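Trainee: Dropping a structure here in structure tokens format, bear with me for questions.
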Amino acid sequence: MKFPGQRNQKHYFPVEARDPETLEPQIQPKRTHICGIAQTLVDIEARVDDELITRHNLVKGNSVLINDDAANALYRELKERELIVEEHAGGTIGNTLHNFATLSNERAVLFAVMERQIEIGSYAYKYLSNTSSKVDVSYLQPVDGPIGRCFTLITPCGERSFAISKGAMDKLEPSAIRPDLVREAGALVFASYLMRSADGDNIDQAALVAMAEAKANKVPVVLTLGTRFLIEQDPQFWRDFIAEHVTVLAMNEEEAEALTGHRDPIKACEAALEWCDLVLCTVGPEGLYTAGYSDRLQLRETEYELRNGSVPAFNRYEFSRPMRREDCAEPVKIYSHIAPYLGGPLAILNTNGAGDGALAALLHDMAANRYHKLNVPGSSKHAYDALCYSSFSQICKYANRVSYEVLIQHSPRLSRALPEREDSLEEAYWER
Ligand SMILES: Nc1ncnc2c1ncn2[C@@H]1O[C@H](COP(=O)(O)OP(=O)(O)OP(=O)(O)O)[C@@H](O)[C@H]1O
Ligand SMILES: Nc1nc2c(ncn2[C@@H]2O[C@H](CO)[C@@H](O)[C@H]2O)c(=O)[nH]1
């Protein structure tokens, strides 16, 4: 529950003297939302040894599609040996939309399938009851088969490997996409996993329809690269795909290397910026990077120490706000990095979904920009077209902080927003 809190002392008189930057409290603010295209998956999390991974023909660190027989054999063994730790709603985009909604308290429209008849206690039931009420499930497409299961197998080294029993998760049809909602969205988000759907499954076609609608209406298209193995199979396909459709790209350092050939994250971000406008690259225990463009006229110098990497003084302009390259008269590439929040948690329960958490924070910042623009169009903030509300540096801090929160819990889905006291994240840093 939110408490009434303190009230503003200061009022403006005459009314023309009022601050144009403040939101009108009397007027119902215009809302904004984001849309996502998801494969409906429940995560079945189990602690296993390497031998089990090999014996079931899985690949460590990868997300592998398995058939029904293999899924039944795996499930039976996990059950019999009592290796299952938790079962919770999952799926990269399902997690991201849930976390976005939890952080922002704004609407996230989920385009996905759902079982037509749901039994209490079933996986479909678990999925819906683990999903934030701010995730709009009104447009789910009913299907006759079960939703997908994602066996999330954690080996002693902390690595997680996925085995996907897809069920009907890829049966989304293009007709389930609501163009009116995509057109008005602050972002459209989807994962590279969609593109491995089999013949006869149309979720990839549904995504293409939604992307075309987004592009035609200048809605940012956000792609997260699911696993490096998928990208490695055909990096050129993904480079072309990103160049054609994608505004914002989220990936970890392994996916970045598979896509660009660069192991160094700054080099990989630099290469990816030839195909898209903004990059979020997470690097596990080394923190994360944001990289993108700003117009030379809008550059803001950092107040932090300059840092050298493969690009000298790479963070010089990290206080600038990300822009689309096409919106810059003179685009300048900008990079920012942050080490894990407080050095990372003392005990990591599970790294599963830490990257999804970081992306949710970035989406929150993008949606906040749209919300502010809709409600305070005259603000100096919107004298130029930016993709985000905050600077590269601030987005790094926020994304990192959200990842930390995911690391200290089992589920990849946040159970609450960040603490109110951290409205200024800076304070939390210094207070420790
Ligand atoms: N071992 C760790 N110690 C400290 N922080 C970590 C660690 N692992 C991850 N993080 C934090 O979580 C963020 C995201 O992690 P990571 O790069 O592992 O994401 P990912 O591989 O995309 O994960 P997933 O695919 O499961 O969502 C990092 O940028 C960092 O802030
Ligand atoms: N959509 C989707 N999510 C996956 C796949 N494999 C693993 N994940 C999800 O990745 C999440 C962690 O990033 C987990 O919650 C898994 O459910 C896949 O093939 N498709």
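Identifiers in this document derive from the order of the structure tokens: chains are assigned A, B, ..., residues are numbered from 1 separately in each chain, and ligands are numbered from 1 in order of occurrence.
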Would you tabulate, counting only C-alpha atoms, all residues of stretch 56-89 of chain A that have an atom at most 9 Å from an atom of stretch 125-142 of chain A, showing the closest pair of atoms and their distance in Å to one decimal, sorted by chain then ascending number, as a Markdown table?

Mentor:
```
| residue | atom | partner | partner_atom | distance |
| --- | --- | --- | --- | --- |
| A:Glu87 | CA | A:Lys126 | CA | 8.3 |
| A:His88 | CA | A:Lys126 | CA | 6.8 |
| A:Ala89 | CA | A:Tyr127 | CA | 4.6 |
```

Trainee: May I have the selected residues written with N, CA and C atoms, as an mmCIF file, in the first residue's frame?

Mentor:
```cif
data_model
loop_
_atom_site.group_PDB
_atom_site.id
_atom_site.type_symbol
_atom_site.label_atom_id
_atom_site.label_comp_id
_atom_site.auth_asym_id
_atom_site.auth_seq_id
_atom_site.Cartn_x
_atom_site.Cartn_y
_atom_site.Cartn_z
ATOM 1 N N GLU A 87 8.802 -24.223 -9.099
ATOM 2 C CA GLU A 87 8.154 -24.098 -10.404
ATOM 3 C C GLU A 87 7.536 -22.700 -10.447
ATOM 4 N N HIS A 88 7.934 -21.926 -11.425
ATOM 5 C CA HIS A 88 7.371 -20.569 -11.496
ATOM 6 C C HIS A 88 7.216 -20.114 -12.942
ATOM 7 N N ALA A 89 6.402 -19.098 -13.137
ATOM 8 C CA ALA A 89 6.198 -18.567 -14.488
ATOM 9 C C ALA A 89 7.534 -18.090 -15.030
#
```

Trainee: Can you tell me which residues come within 6 Å of ligand 2 when counting only C-alpha atoms and all ligand atoms, ideally as a CSV table (one decimal) with C-alpha atoms, in the first residue's frame?

Mentor:
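Output contents, as saved in selection_10.csv:
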```
chain,number,residue,atom,x,y,z
A,38,ALA,CA,6.0,-14.1,-25.7
A,39,GLN,CA,6.3,-17.8,-25.6
A,41,LEU,CA,6.6,-21.0,-20.5
A,43,ASP,CA,10.1,-22.7,-15.5
A,63,SER,CA,18.4,-23.5,-24.3
A,90,GLY,CA,9.1,-17.9,-16.9
A,91,GLY,CA,9.9,-17.1,-20.5
A,92,THR,CA,12.2,-14.3,-21.3
A,150,CYS,CA,11.2,-24.8,-19.5
A,162,PHE,CA,17.4,-24.9,-20.4
A,193,TYR,CA,13.9,-17.5,-29.4
A,352,ASN,CA,18.4,-16.9,-13.9
A,353,GLY,CA,16.6,-13.8,-15.3
A,356,ASP,CA,15.7,-9.9,-18.2
A,412,PRO,CA,13.3,-14.5,-12.4
```

Trainee: Quick one: residues within 9 Å of ligand 1, with only C-alpha atoms and all ligand atoms, as a count of residues only?

Mentor: 53

Trainee: May I have all residues of stretch 60-104 of chain A that DSSP, computed from the backbone, assigns to strand (DSSP E), given as a ChimeraX atom specification?

Mentor: /A:63-65,84-89

Trainee: Determine the nearest neighbour of A:Glu82 from the options A:Leu259, A:Ala46, A:Ala206, A:Ile242, counting only C-alpha atoms.

Mentor: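 For A:Glu82, the nearest of the candidates is A:Ala46.
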
Trainee: Compile the contact shell of stretch 209-217 of chain A as a compact mmCIF listing (two decimals) with N, CA and C atoms, in the first residue's frame: residues with an atom at most 12 Å away, counting only C-alpha atoms, same-chain residues fewer than 2 positions apart removed.

Mentor:
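Contents of part28.txt, as written:
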```
# COMPACT_ATOMS: atom_id res chain seq x y z
N ILE A 34 3.54 -0.81 -22.76
CA ILE A 34 4.43 -1.46 -23.73
C ILE A 34 3.76 -2.77 -24.17
N CYS A 35 4.22 -3.32 -25.29
CA CYS A 35 3.69 -4.60 -25.77
C CYS A 35 4.84 -5.61 -25.88
N GLY A 36 4.53 -6.86 -25.65
CA GLY A 36 5.54 -7.92 -25.81
C GLY A 36 4.93 -9.14 -26.46
N ILE A 37 5.76 -9.85 -27.22
CA ILE A 37 5.33 -11.10 -27.85
C ILE A 37 6.09 -12.22 -27.17
N PHE A 111 1.17 -10.46 -25.70
CA PHE A 111 0.66 -11.23 -26.83
C PHE A 111 1.29 -12.62 -26.74
N LEU A 172 1.01 -18.88 -31.60
CA LEU A 172 0.44 -17.53 -31.72
C LEU A 172 0.27 -17.18 -33.20
N GLU A 173 -0.90 -16.64 -33.54
CA GLU A 173 -1.19 -16.28 -34.93
C GLU A 173 -1.07 -14.76 -35.12
N PRO A 174 -0.71 -14.32 -36.32
CA PRO A 174 -0.64 -12.87 -36.57
C PRO A 174 -1.94 -12.15 -36.21
N SER A 175 -3.09 -12.86 -36.34
CA SER A 175 -4.37 -12.20 -36.05
C SER A 175 -4.53 -11.86 -34.56
N ALA A 176 -3.66 -12.45 -33.70
CA ALA A 176 -3.75 -12.16 -32.26
C ALA A 176 -3.08 -10.83 -31.90
N ILE A 177 -2.34 -10.28 -32.85
CA ILE A 177 -1.66 -8.99 -32.58
C ILE A 177 -2.66 -7.87 -32.77
N ARG A 178 -2.73 -6.98 -31.81
CA ARG A 178 -3.64 -5.82 -31.91
C ARG A 178 -2.84 -4.61 -32.40
N PRO A 179 -2.96 -4.29 -33.70
CA PRO A 179 -2.14 -3.19 -34.24
C PRO A 179 -2.38 -1.87 -33.50
N ASP A 180 -3.63 -1.63 -33.04
CA ASP A 180 -3.91 -0.37 -32.35
C ASP A 180 -3.08 -0.26 -31.07
N LEU A 181 -2.86 -1.38 -30.39
CA LEU A 181 -2.08 -1.34 -29.14
C LEU A 181 -0.59 -1.21 -29.43
N VAL A 182 -0.15 -1.83 -30.52
CA VAL A 182 1.27 -1.72 -30.88
C VAL A 182 1.58 -0.28 -31.27
N ARG A 183 0.69 0.30 -32.05
CA ARG A 183 0.88 1.67 -32.55
C ARG A 183 1.06 2.68 -31.42
N GLU A 184 0.35 2.47 -30.33
CA GLU A 184 0.36 3.42 -29.22
C GLU A 184 1.39 3.06 -28.15
N ALA A 185 2.15 2.00 -28.38
CA ALA A 185 3.02 1.50 -27.30
C ALA A 185 4.30 2.32 -27.15
N GLY A 186 4.87 2.26 -25.95
CA GLY A 186 6.16 2.91 -25.70
C GLY A 186 7.30 2.05 -26.25
N ALA A 187 7.04 0.75 -26.43
CA ALA A 187 8.03 -0.16 -27.01
C ALA A 187 7.34 -1.47 -27.34
N LEU A 188 7.93 -2.18 -28.30
CA LEU A 188 7.48 -3.54 -28.62
C LEU A 188 8.68 -4.44 -28.38
N VAL A 189 8.52 -5.47 -27.51
CA VAL A 189 9.67 -6.26 -27.14
C VAL A 189 9.45 -7.74 -27.47
N PHE A 190 10.50 -8.39 -27.94
CA PHE A 190 10.42 -9.84 -28.21
C PHE A 190 11.83 -10.43 -28.14
N ASN A 202 3.25 -20.15 -36.05
CA ASN A 202 3.32 -18.83 -36.68
C ASN A 202 3.73 -17.69 -35.76
N ILE A 203 4.32 -18.00 -34.62
CA ILE A 203 4.66 -16.90 -33.70
C ILE A 203 5.68 -15.94 -34.35
N ASP A 204 6.57 -16.49 -35.21
CA ASP A 204 7.53 -15.61 -35.89
C ASP A 204 6.81 -14.65 -36.85
N GLN A 205 5.77 -15.17 -37.51
CA GLN A 205 4.99 -14.31 -38.42
C GLN A 205 4.24 -13.23 -37.63
N ALA A 206 3.72 -13.64 -36.47
CA ALA A 206 3.02 -12.68 -35.61
C ALA A 206 3.98 -11.56 -35.20
N ALA A 207 5.22 -11.95 -34.89
CA ALA A 207 6.21 -10.95 -34.48
C ALA A 207 6.53 -10.00 -35.64
N VAL A 219 7.53 3.27 -33.21
CA VAL A 219 7.56 2.67 -31.87
C VAL A 219 8.86 1.88 -31.77
N PRO A 220 9.68 2.10 -30.73
CA PRO A 220 10.94 1.36 -30.66
C PRO A 220 10.73 -0.15 -30.59
N VAL A 221 11.47 -0.88 -31.43
CA VAL A 221 11.41 -2.35 -31.44
C VAL A 221 12.62 -2.86 -30.65
N VAL A 222 12.33 -3.65 -29.63
CA VAL A 222 13.38 -4.09 -28.70
C VAL A 222 13.55 -5.60 -28.83
N LEU A 223 14.77 -6.03 -29.12
CA LEU A 223 15.06 -7.47 -29.28
C LEU A 223 16.04 -7.90 -28.20
N PHE A 241 18.85 -8.93 -39.70
CA PHE A 241 17.54 -8.82 -39.04
C PHE A 241 17.52 -7.57 -38.13
N ILE A 242 18.58 -7.39 -37.37
CA ILE A 242 18.64 -6.25 -36.45
C ILE A 242 18.65 -4.95 -37.24
N GLU A 244 17.42 -4.35 -40.04
CA GLU A 244 16.13 -4.07 -40.69
C GLU A 244 15.04 -3.70 -39.68
N HIS A 245 15.03 -4.35 -38.51
CA HIS A 245 13.85 -4.23 -37.65
C HIS A 245 14.09 -3.57 -36.28
N VAL A 246 15.33 -3.58 -35.78
CA VAL A 246 15.50 -3.39 -34.34
C VAL A 246 16.04 -2.01 -33.97
N THR A 247 15.45 -1.43 -32.93
CA THR A 247 15.92 -0.14 -32.40
C THR A 247 16.85 -0.37 -31.22
```

Trainee: Give the answer as one residue: which of A:Leu306, A:Cys276, A:Val248, A:Ser391 has the shortest atom-to-atom distance to A:Phe319, using only C-alpha atoms?

Mentor: A:Ser391

Trainee: Find the residues near A:Tyr371: any atom within 9 Å, counting only C-alpha atoms, skip ones fewer than 2 places away on the same chain, and give them as an NGL selection string.

Mentor: :A and (29-33 or 186 or 366-369 or 373-376)

Trainee: Output N, CA and C atoms for every residue in the selection just made, as an mmCIF file, in the first residue's frame.

Mentor:
```cif
data_model
loop_
_atom_site.group_PDB
_atom_site.id
_atom_site.type_symbol
_atom_site.label_atom_id
_atom_site.label_comp_id
_atom_site.auth_asym_id
_atom_site.auth_seq_id
_atom_site.Cartn_x
_atom_site.Cartn_y
_atom_site.Cartn_z
ATOM 1 N N PRO A 29 -3.729 11.801 -15.773
ATOM 2 C CA PRO A 29 -2.594 11.722 -16.698
ATOM 3 C C PRO A 29 -2.854 10.738 -17.832
ATOM 4 N N LYS A 30 -2.255 11.033 -18.993
ATOM 5 C CA LYS A 30 -2.380 10.096 -20.117
ATOM 6 C C LYS A 30 -1.492 8.897 -19.818
ATOM 7 N N ARG A 31 -2.014 7.715 -20.001
ATOM 8 C CA ARG A 31 -1.251 6.514 -19.664
ATOM 9 C C ARG A 31 -0.422 6.061 -20.862
ATOM 10 N N THR A 32 0.546 5.229 -20.588
ATOM 11 C CA THR A 32 1.279 4.605 -21.682
ATOM 12 C C THR A 32 1.460 3.125 -21.356
ATOM 13 N N HIS A 33 1.791 2.337 -22.318
ATOM 14 C CA HIS A 33 1.985 0.910 -22.075
ATOM 15 C C HIS A 33 3.090 0.409 -22.999
ATOM 16 N N GLY A 186 4.873 2.262 -25.952
ATOM 17 C CA GLY A 186 6.164 2.909 -25.703
ATOM 18 C C GLY A 186 7.304 2.053 -26.252
ATOM 19 N N MET A 366 12.420 3.896 -20.850
ATOM 20 C CA MET A 366 11.897 4.303 -22.167
ATOM 21 C C MET A 366 10.419 4.693 -22.056
ATOM 22 N N ALA A 367 9.653 3.893 -21.314
ATOM 23 C CA ALA A 367 8.220 4.177 -21.170
ATOM 24 C C ALA A 367 8.014 5.467 -20.373
ATOM 25 N N ALA A 368 8.902 5.711 -19.404
ATOM 26 C CA ALA A 368 8.797 6.943 -18.602
ATOM 27 C C ALA A 368 8.988 8.159 -19.504
ATOM 28 N N ASN A 369 9.872 8.031 -20.479
ATOM 29 C CA ASN A 369 10.101 9.134 -21.407
ATOM 30 C C ASN A 369 8.829 9.439 -22.200
ATOM 31 N N LYS A 373 6.504 12.752 -22.032
ATOM 32 C CA LYS A 373 6.268 13.515 -23.267
ATOM 33 C C LYS A 373 4.768 13.691 -23.516
ATOM 34 N N LEU A 374 3.984 12.637 -23.235
ATOM 35 C CA LEU A 374 2.537 12.720 -23.428
ATOM 36 C C LEU A 374 1.917 13.734 -22.480
ATOM 37 N N ASN A 375 2.463 13.791 -21.261
ATOM 38 C CA ASN A 375 1.828 14.612 -20.222
ATOM 39 C C ASN A 375 2.443 15.996 -20.068
ATOM 40 N N VAL A 376 3.712 16.126 -20.419
ATOM 41 C CA VAL A 376 4.370 17.440 -20.319
ATOM 42 C C VAL A 376 5.105 17.725 -21.630
#
```

Trainee: Considering only C-alpha atoms, return as a list of chain:residue names whatever protein or nucleic-acid residues lie within 10 Å of A:Lys267, sequence-local ones (same chain, fewer than 4 positions apart) excluded.

Mentor: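 Neighbouring residues, sequence-local ones excluded: A:Ala256, A:Glu257, A:Thr260, A:Gly261, A:His262, A:Arg263, A:Ala271, A:Ala272, A:Leu273, A:Gly309, A:Ser310, A:Val311.
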
Trainee: Okay, now the selection with N, CA and C atoms, as an mmCIF file, in the first residue's frame?

Mentor:
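The result, stored in part-v7.cif:
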```cif
data_model
loop_
_atom_site.group_PDB
_atom_site.id
_atom_site.type_symbol
_atom_site.label_atom_id
_atom_site.label_comp_id
_atom_site.auth_asym_id
_atom_site.auth_seq_id
_atom_site.Cartn_x
_atom_site.Cartn_y
_atom_site.Cartn_z
ATOM 1 N N ALA A 256 26.798 -11.279 -27.485
ATOM 2 C CA ALA A 256 27.431 -10.153 -28.178
ATOM 3 C C ALA A 256 28.596 -10.660 -29.028
ATOM 4 N N GLU A 257 29.367 -11.580 -28.459
ATOM 5 C CA GLU A 257 30.516 -12.121 -29.209
ATOM 6 C C GLU A 257 30.040 -12.934 -30.417
ATOM 7 N N THR A 260 28.866 -10.351 -33.068
ATOM 8 C CA THR A 260 29.794 -9.369 -33.656
ATOM 9 C C THR A 260 31.198 -9.927 -33.883
ATOM 10 N N GLY A 261 31.512 -11.044 -33.221
ATOM 11 C CA GLY A 261 32.879 -11.577 -33.309
ATOM 12 C C GLY A 261 33.813 -10.922 -32.303
ATOM 13 N N HIS A 262 33.325 -9.960 -31.521
ATOM 14 C CA HIS A 262 34.193 -9.293 -30.535
ATOM 15 C C HIS A 262 33.925 -9.817 -29.127
ATOM 16 N N ARG A 263 34.985 -10.230 -28.457
ATOM 17 C CA ARG A 263 34.859 -10.693 -27.083
ATOM 18 C C ARG A 263 34.760 -9.494 -26.133
ATOM 19 N N ALA A 271 30.249 -2.334 -32.620
ATOM 20 C CA ALA A 271 29.866 -3.006 -33.871
ATOM 21 C C ALA A 271 28.340 -3.058 -33.990
ATOM 22 N N ALA A 272 27.662 -3.404 -32.876
ATOM 23 C CA ALA A 272 26.200 -3.551 -32.921
ATOM 24 C C ALA A 272 25.517 -2.215 -33.226
ATOM 25 N N LEU A 273 26.171 -1.105 -32.855
ATOM 26 C CA LEU A 273 25.565 0.207 -33.122
ATOM 27 C C LEU A 273 25.532 0.537 -34.612
ATOM 28 N N GLY A 309 39.078 2.009 -22.183
ATOM 29 C CA GLY A 309 38.915 0.608 -22.578
ATOM 30 C C GLY A 309 39.353 0.547 -24.019
ATOM 31 N N SER A 310 38.713 -0.317 -24.791
ATOM 32 C CA SER A 310 39.094 -0.385 -26.206
ATOM 33 C C SER A 310 38.735 0.919 -26.915
ATOM 34 N N VAL A 311 37.806 1.689 -26.331
ATOM 35 C CA VAL A 311 37.587 3.069 -26.781
ATOM 36 C C VAL A 311 38.132 3.970 -25.661
#
```

Trainee: Just give me the gap between atom CA of A:Arg324 and atom CA of A:Arg239 in Å, one decimal is fine.

Mentor: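 Result for atom CA of A:Arg324 versus atom CA of A:Arg239: 17.7 Å, one decimal.
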